[in-house]
Amino acid sequence: MTQAEPKFGSVMLGMLSAKNAAAPSPVVRFGHKGAFSDDLKREVDAYFDREGGSRRDSPRMYLKTAIIFIWFVGSWALLVFFATTLWQGVLLAMSLGLSIAAIGMGIQHDANHGGYSNHPWVNRLFGFFMDGMGVCGYIWRYKHNVIHHTYTNVQGVDFDLDFGNIARLSTLQTKKAWHKYQHYYLWFLYGLLLPKWVFYDDFVIYRSRLAGPHKLPTMNAREVALFWGWKVFFVLWSLVIPAMVRPIWQVLVFHLIAVFTLGVTLSSVFQLAHCVAEAEFPVPEESGKLMNDDWGVHQVETTVDFARDSKLLTWFLGGLNFQVEHHLFPKVCHVHYPELSKIVEKVAARHGVRYRNNVTLGAALASHFHHLRRLGTGAQVGRA
């Protein structure tokens, strides 16, 4: 027997414990089940019973983790201790950035969702890969697992849509004069994701305990110690140790190349699932209003898959090109997403739910570009 999945629409999709978790402000609400979600769950349960495999603890996942970790350590060691020419440094710095992106998408993401293993301590162990890259896993689990996964693309509620005055990603956000250029300049700003995340965003949320309209639970003493300890660890391996063997200007230049590569990769991948022309952007009409009587339908409406036929891209992205399946089954290991996508598409057609997929990576990038351009010029998108 496979483990039961959490109910559709459950606020606690993440790994925060009940005693630490505080539910987001009840701005909007969803029905926890419906005909589509019930039918989909039956089909997916039948798939796992028929295949006889586990939803988690996949040998493929453990092998993949080893490969990515070796890639990361090898890129870092070669860059810091062995690179002797400019082109070697540039290539190794880009390799390091891509390996960190692979860790974020292909290891910690599953672990921090509870989809890596049936054993909580294993999920916690591999979830620390995110903290090792400087990002506070505790804050991320609440922002991503609880807020984003529950209120996906709900304007004014999904904190992932809020870039402040820098960009306009939803129709409820005020249009500024410079937004008409956002489809150009945002690609550069995407590259600054990691330093902004590590040295600004985490500290703002740590002090205020606020992520947009949502109040986060208080961190206990252990989580506070982990917050500071992992920040120090990140600075040590990424800057201090390299500066002990290389001139500081070289360390800073190649560090920037690595984090820029990482930032553009991660930001683009996550934007291609939600901030594209094909996705819906529902607007809550009033506080407490029922957005949809089936939370599963909402996830399909607000999320878009891309490049489903590319095995190489699927491996590197940790299955995040199958975001529809990830949002519907966040506690299932991503190695199952390609097969689950066939089930989701079939059930969606049966219930008249529009399942969206950009066939190639290029098509998804173009869709995101055009979405940014339309919003930058004041156009309306989605269900505004």
# chains A, B, ... in the order shown; residues from 1 in each chain; ligands from 1
call {"tool": "residues_around", "arguments": {"residues": "Lys180 of chain A", "least_positions_apart": "2", "cutoff": "8 Å", "atoms": "only C-alpha atoms", "output": "mmCIF file with C-alpha atoms, in the first residue's frame"}}
result
data_model
loop_
_atom_site.group_PDB
_atom_site.id
_atom_site.type_symbol
_atom_site.label_atom_id
_atom_site.label_comp_id
_atom_site.auth_asym_id
_atom_site.auth_seq_id
_atom_site.Cartn_x
_atom_site.Cartn_y
_atom_site.Cartn_z
ATOM 1 C CA LYS A 176 5.190 52.118 -13.367
ATOM 2 C CA ALA A 177 6.755 53.848 -16.353
ATOM 3 C CA TRP A 178 9.784 51.549 -16.371
ATOM 4 C CA GLN A 182 10.616 44.777 -17.876
ATOM 5 C CA HIS A 183 10.630 42.055 -20.532
ATOM 6 C CA ARG A 373 5.629 42.767 -22.163
ATOM 7 C CA LEU A 375 1.763 43.522 -18.281
ATOM 8 C CA GLY A 376 4.444 46.180 -18.721
ATOM 9 C CA THR A 377 2.234 48.010 -21.188
#
call {"tool": "residues_around", "arguments": {"residues": "Gly378 of chain A", "least_positions_apart": "3", "cutoff": "8 Å", "atoms": "only C-alpha atoms", "output": "MDAnalysis selection string"}}
result
chainID A and resid 171 175 374:375
call {"tool": "select_by_dssp", "arguments": {"residues": "segment 94-254 of chain A", "states": "strand (DSSP E or B)", "output": "PyMOL selection string"}}
result
chain A and resi 210-211+214-215
call {"tool": "write_last_selection", "arguments": {"atoms": "C-alpha atoms", "output": "mmCIF file, in the first residue's frame"}}
result
data_model
loop_
_atom_site.group_PDB
_atom_site.id
_atom_site.type_symbol
_atom_site.label_atom_id
_atom_site.label_comp_id
_atom_site.auth_asym_id
_atom_site.auth_seq_id
_atom_site.Cartn_x
_atom_site.Cartn_y
_atom_site.Cartn_z
ATOM 1 C CA LEU A 210 5.970 38.751 7.303
ATOM 2 C CA ALA A 211 5.857 37.436 3.740
ATOM 3 C CA HIS A 214 1.098 36.410 5.600
ATOM 4 C CA LYS A 215 2.531 36.200 9.107
#
call {"tool": "atom_distance", "arguments": {"atom1": "atom CA of Gly296 of chain A", "atom2": "atom CA of Ser37 of chain A"}}
result
5.5 Å
call {"tool": "residues_around", "arguments": {"residues": "Phe126 of chain A", "least_positions_apart": "3", "cutoff": "6 Å", "atoms": "only C-alpha atoms", "output": "compact mmCIF listing (two decimals) with N, CA and C atoms, in the first residue's frame"}}
result
# COMPACT_ATOMS: atom_id res chain seq x y z
N GLN A 108 17.04 19.41 -2.92
CA GLN A 108 16.37 20.03 -1.76
C GLN A 108 14.89 20.25 -1.99
N ALA A 111 13.10 17.19 -1.07
CA ALA A 111 13.29 16.93 0.35
C ALA A 111 12.47 17.88 1.22
N ASN A 123 14.44 13.41 4.68
CA ASN A 123 13.99 14.65 4.05
C ASN A 123 14.67 15.85 4.68
N PHE A 129 20.49 20.88 2.11
CA PHE A 129 21.27 21.30 0.94
C PHE A 129 20.91 22.73 0.57
call {"tool": "closest_atom_pairs", "arguments": {"of": "segment 299-334 of chain A", "to": "segment 354-357 of chain A", "cutoff": "6 Å", "atoms": "only C-alpha atoms", "output": "CSV"}}
result
residue,atom,partner,partner_atom,distance
A:Val304,CA,A:Arg356,CA,5.2
A:Asp305,CA,A:Asn357,CA,4.5
A:Phe306,CA,A:Asn357,CA,5.2
call {"tool": "write_last_selection", "arguments": {"atoms": "N, CA and C atoms", "output": "mmCIF file, in the first residue's frame"}}
result
data_model
loop_
_atom_site.group_PDB
_atom_site.id
_atom_site.type_symbol
_atom_site.label_atom_id
_atom_site.label_comp_id
_atom_site.auth_asym_id
_atom_site.auth_seq_id
_atom_site.Cartn_x
_atom_site.Cartn_y
_atom_site.Cartn_z
ATOM 1 N N VAL A 304 1.518 25.760 -15.666
ATOM 2 C CA VAL A 304 1.754 25.307 -17.037
ATOM 3 C C VAL A 304 3.009 24.436 -17.089
ATOM 4 N N ASP A 305 2.903 23.278 -17.716
ATOM 5 C CA ASP A 305 4.067 22.426 -17.961
ATOM 6 C C ASP A 305 4.811 22.913 -19.197
ATOM 7 N N PHE A 306 6.045 22.443 -19.370
ATOM 8 C CA PHE A 306 6.782 22.769 -20.595
ATOM 9 C C PHE A 306 7.845 21.700 -20.857
#
call {"tool": "residues_around", "arguments": {"residues": "Ser117 of chain A", "least_positions_apart": "3", "cutoff": "8 Å", "atoms": "only C-alpha atoms", "output": "JSON list (two decimals) with N, CA and C atoms, in the first residue's frame"}}
result
[["chain", "number", "residue", "atom", "x", "y", "z"],
["A", 56, "ARG", "N", 8.16, 7.58, -2.93],
["A", 56, "ARG", "CA", 9.39, 8.20, -2.44],
["A", 56, "ARG", "C", 10.47, 7.12, -2.30],
["A", 57, "ASP", "N", 11.67, 7.53, -1.88],
["A", 57, "ASP", "CA", 12.79, 6.61, -1.69],
["A", 57, "ASP", "C", 13.13, 5.85, -2.97],
["A", 58, "SER", "N", 13.16, 6.57, -4.07],
["A", 58, "SER", "CA", 13.50, 5.96, -5.35],
["A", 58, "SER", "C", 15.02, 5.80, -5.48],
["A", 111, "ALA", "N", 13.10, 17.19, -1.07],
["A", 111, "ALA", "CA", 13.29, 16.93, 0.35],
["A", 111, "ALA", "C", 12.47, 17.88, 1.22],
["A", 114, "GLY", "N", 8.96, 16.96, 1.46],
["A", 114, "GLY", "CA", 8.66, 15.64, 2.00],
["A", 114, "GLY", "C", 8.49, 14.60, 0.91],
["A", 120, "PRO", "N", 11.16, 11.13, 7.66],
["A", 120, "PRO", "CA", 11.32, 12.57, 7.85],
["A", 120, "PRO", "C", 12.77, 13.01, 8.04],
["A", 122, "VAL", "N", 15.43, 11.79, 6.71],
["A", 122, "VAL", "CA", 16.10, 11.81, 5.41],
["A", 122, "VAL", "C", 15.72, 13.08, 4.65],
["A", 123, "ASN", "N", 14.44, 13.41, 4.68],
["A", 123, "ASN", "CA", 13.99, 14.65, 4.05],
["A", 123, "ASN", "C", 14.67, 15.85, 4.68]]
call {"tool": "select_by_dssp", "arguments": {"residues": "segment 201-359 of chain A", "states": "helix (DSSP H, G or I)", "output": "ChimeraX atom specification"}}
result
/A:201-208,221-245,248-274,295-302,311-316,323-328,334-350
call {"tool": "decode", "arguments": {"residues": "segment 225-338 of chain A", "atoms": "C-alpha atoms", "output": "PDB file, in the first residue's frame"}}
result
ATOM      1  CA  ALA A 225      20.843  28.949  15.436  1.00  0.00           C
ATOM      2  CA  LEU A 226      20.487  27.104  12.129  1.00  0.00           C
ATOM      3  CA  PHE A 227      19.603  30.369  10.372  1.00  0.00           C
ATOM      4  CA  TRP A 228      22.860  32.032  11.432  1.00  0.00           C
ATOM      5  CA  GLY A 229      25.011  28.915  11.286  1.00  0.00           C
ATOM      6  CA  TRP A 230      24.164  28.081   7.678  1.00  0.00           C
ATOM      7  CA  LYS A 231      24.659  31.710   6.612  1.00  0.00           C
ATOM      8  CA  VAL A 232      28.200  31.568   8.039  1.00  0.00           C
ATOM      9  CA  PHE A 233      28.820  28.197   6.375  1.00  0.00           C
ATOM     10  CA  PHE A 234      27.773  29.578   2.985  1.00  0.00           C
ATOM     11  CA  VAL A 235      30.073  32.592   3.281  1.00  0.00           C
ATOM     12  CA  LEU A 236      32.947  30.328   4.339  1.00  0.00           C
ATOM     13  CA  TRP A 237      32.808  27.894   1.407  1.00  0.00           C
ATOM     14  CA  SER A 238      31.795  30.410  -1.255  1.00  0.00           C
ATOM     15  CA  LEU A 239      34.005  33.380  -0.341  1.00  0.00           C
ATOM     16  CA  VAL A 240      36.384  32.950   2.603  1.00  0.00           C
ATOM     17  CA  ILE A 241      38.111  29.688   1.627  1.00  0.00           C
ATOM     18  CA  PRO A 242      38.535  30.743  -2.031  1.00  0.00           C
ATOM     19  CA  ALA A 243      39.975  34.093  -0.828  1.00  0.00           C
ATOM     20  CA  MET A 244      42.637  32.180   1.116  1.00  0.00           C
ATOM     21  CA  VAL A 245      44.111  30.805  -2.126  1.00  0.00           C
ATOM     22  CA  ARG A 246      43.042  33.350  -4.766  1.00  0.00           C
ATOM     23  CA  PRO A 247      43.153  37.169  -5.061  1.00  0.00           C
ATOM     24  CA  ILE A 248      39.937  38.630  -3.730  1.00  0.00           C
ATOM     25  CA  TRP A 249      39.051  40.265  -7.057  1.00  0.00           C
ATOM     26  CA  GLN A 250      39.173  36.866  -8.746  1.00  0.00           C
ATOM     27  CA  VAL A 251      36.991  35.354  -6.032  1.00  0.00           C
ATOM     28  CA  LEU A 252      34.386  38.081  -6.430  1.00  0.00           C
ATOM     29  CA  VAL A 253      34.364  37.943 -10.243  1.00  0.00           C
ATOM     30  CA  PHE A 254      33.969  34.185 -10.479  1.00  0.00           C
ATOM     31  CA  HIS A 255      31.523  34.133  -7.566  1.00  0.00           C
ATOM     32  CA  LEU A 256      29.398  36.628  -9.496  1.00  0.00           C
ATOM     33  CA  ILE A 257      29.549  34.475 -12.644  1.00  0.00           C
ATOM     34  CA  ALA A 258      28.469  31.412 -10.659  1.00  0.00           C
ATOM     35  CA  VAL A 259      25.570  33.082  -8.836  1.00  0.00           C
ATOM     36  CA  PHE A 260      24.427  34.884 -11.990  1.00  0.00           C
ATOM     37  CA  THR A 261      24.272  31.571 -13.860  1.00  0.00           C
ATOM     38  CA  LEU A 262      22.355  30.060 -10.961  1.00  0.00           C
ATOM     39  CA  GLY A 263      19.951  32.990 -10.659  1.00  0.00           C
ATOM     40  CA  VAL A 264      18.991  33.172 -14.330  1.00  0.00           C
ATOM     41  CA  THR A 265      18.444  29.408 -14.391  1.00  0.00           C
ATOM     42  CA  LEU A 266      16.322  29.143 -11.245  1.00  0.00           C
ATOM     43  CA  SER A 267      14.283  32.298 -11.823  1.00  0.00           C
ATOM     44  CA  SER A 268      13.482  31.393 -15.410  1.00  0.00           C
ATOM     45  CA  VAL A 269      12.373  27.868 -14.547  1.00  0.00           C
ATOM     46  CA  PHE A 270       9.972  28.959 -11.838  1.00  0.00           C
ATOM     47  CA  GLN A 271       8.576  31.822 -13.928  1.00  0.00           C
ATOM     48  CA  LEU A 272       7.908  29.524 -16.898  1.00  0.00           C
ATOM     49  CA  ALA A 273       5.391  27.555 -14.846  1.00  0.00           C
ATOM     50  CA  HIS A 274       3.215  30.427 -13.656  1.00  0.00           C
ATOM     51  CA  CYS A 275       4.080  33.792 -15.220  1.00  0.00           C
ATOM     52  CA  VAL A 276       3.214  32.904 -18.790  1.00  0.00           C
ATOM     53  CA  ALA A 277       0.403  33.797 -21.154  1.00  0.00           C
ATOM     54  CA  GLU A 278      -1.310  30.417 -20.743  1.00  0.00           C
ATOM     55  CA  ALA A 279      -1.676  30.625 -16.943  1.00  0.00           C
ATOM     56  CA  GLU A 280      -4.691  32.016 -15.081  1.00  0.00           C
ATOM     57  CA  PHE A 281      -4.338  34.849 -12.545  1.00  0.00           C
ATOM     58  CA  PRO A 282      -7.538  34.798 -10.458  1.00  0.00           C
ATOM     59  CA  VAL A 283      -8.516  37.817  -8.382  1.00  0.00           C
ATOM     60  CA  PRO A 284     -10.307  37.360  -5.035  1.00  0.00           C
ATOM     61  CA  GLU A 285     -13.438  39.506  -5.076  1.00  0.00           C
ATOM     62  CA  GLU A 286     -13.741  39.615  -1.295  1.00  0.00           C
ATOM     63  CA  SER A 287     -12.028  38.189   1.760  1.00  0.00           C
ATOM     64  CA  GLY A 288     -13.094  34.636   2.505  1.00  0.00           C
ATOM     65  CA  LYS A 289     -14.649  34.124  -0.928  1.00  0.00           C
ATOM     66  CA  LEU A 290     -14.549  30.592  -2.295  1.00  0.00           C
ATOM     67  CA  MET A 291     -12.145  30.805  -5.263  1.00  0.00           C
ATOM     68  CA  ASN A 292     -12.967  27.394  -6.693  1.00  0.00           C
ATOM     69  CA  ASP A 293     -14.860  24.418  -5.347  1.00  0.00           C
ATOM     70  CA  ASP A 294     -11.989  22.173  -6.431  1.00  0.00           C
ATOM     71  CA  TRP A 295      -8.490  23.185  -5.387  1.00  0.00           C
ATOM     72  CA  GLY A 296      -7.008  20.693  -7.855  1.00  0.00           C
ATOM     73  CA  VAL A 297      -8.710  22.456 -10.769  1.00  0.00           C
ATOM     74  CA  HIS A 298      -7.250  25.744  -9.534  1.00  0.00           C
ATOM     75  CA  GLN A 299      -3.742  24.262  -9.671  1.00  0.00           C
ATOM     76  CA  VAL A 300      -4.191  23.099 -13.256  1.00  0.00           C
ATOM     77  CA  GLU A 301      -5.612  26.476 -14.293  1.00  0.00           C
ATOM     78  CA  THR A 302      -2.744  28.482 -12.786  1.00  0.00           C
ATOM     79  CA  THR A 303       0.186  26.235 -13.711  1.00  0.00           C
ATOM     80  CA  VAL A 304       1.754  25.307 -17.037  1.00  0.00           C
ATOM     81  CA  ASP A 305       4.067  22.426 -17.961  1.00  0.00           C
ATOM     82  CA  PHE A 306       6.782  22.769 -20.595  1.00  0.00           C
ATOM     83  CA  ALA A 307       9.218  20.618 -22.589  1.00  0.00           C
ATOM     84  CA  ARG A 308       7.714  17.378 -21.292  1.00  0.00           C
ATOM     85  CA  ASP A 309       9.466  15.269 -23.954  1.00  0.00           C
ATOM     86  CA  SER A 310      13.010  16.355 -23.037  1.00  0.00           C
ATOM     87  CA  LYS A 311      14.518  13.726 -20.739  1.00  0.00           C
ATOM     88  CA  LEU A 312      17.746  15.684 -20.289  1.00  0.00           C
ATOM     89  CA  LEU A 313      15.923  18.860 -19.323  1.00  0.00           C
ATOM     90  CA  THR A 314      13.600  16.929 -17.006  1.00  0.00           C
ATOM     91  CA  TRP A 315      16.628  15.386 -15.249  1.00  0.00           C
ATOM     92  CA  PHE A 316      18.414  18.718 -14.807  1.00  0.00           C
ATOM     93  CA  LEU A 317      15.306  20.647 -13.736  1.00  0.00           C
ATOM     94  CA  GLY A 318      14.292  18.080 -11.151  1.00  0.00           C
ATOM     95  CA  GLY A 319      10.983  17.601 -12.936  1.00  0.00           C
ATOM     96  CA  LEU A 320      10.054  21.260 -12.492  1.00  0.00           C
ATOM     97  CA  ASN A 321       9.013  21.392 -16.126  1.00  0.00           C
ATOM     98  CA  PHE A 322       6.134  19.224 -14.821  1.00  0.00           C
ATOM     99  CA  GLN A 323       4.873  21.890 -12.427  1.00  0.00           C
ATOM    100  CA  VAL A 324       1.229  20.884 -12.774  1.00  0.00           C
ATOM    101  CA  GLU A 325       2.037  17.433 -11.419  1.00  0.00           C
ATOM    102  CA  HIS A 326       4.274  18.895  -8.734  1.00  0.00           C
ATOM    103  CA  HIS A 327       1.530  21.218  -7.497  1.00  0.00           C
ATOM    104  CA  LEU A 328      -1.007  18.418  -7.437  1.00  0.00           C
ATOM    105  CA  PHE A 329       1.332  15.866  -5.812  1.00  0.00           C
ATOM    106  CA  PRO A 330       4.071  17.785  -3.958  1.00  0.00           C
ATOM    107  CA  LYS A 331       4.946  14.801  -1.764  1.00  0.00           C
ATOM    108  CA  VAL A 332       5.607  12.457  -4.682  1.00  0.00           C
ATOM    109  CA  CYS A 333       9.230  12.230  -5.860  1.00  0.00           C
ATOM    110  CA  HIS A 334       9.753  14.089  -9.133  1.00  0.00           C
ATOM    111  CA  VAL A 335      11.047  10.995 -10.954  1.00  0.00           C
ATOM    112  CA  HIS A 336       7.371   9.965 -11.283  1.00  0.00           C
ATOM    113  CA  TYR A 337       6.149  13.227 -12.831  1.00  0.00           C
ATOM    114  CA  PRO A 338       6.439  12.236 -16.533  1.00  0.00           C
TER     115      PRO A 338
END
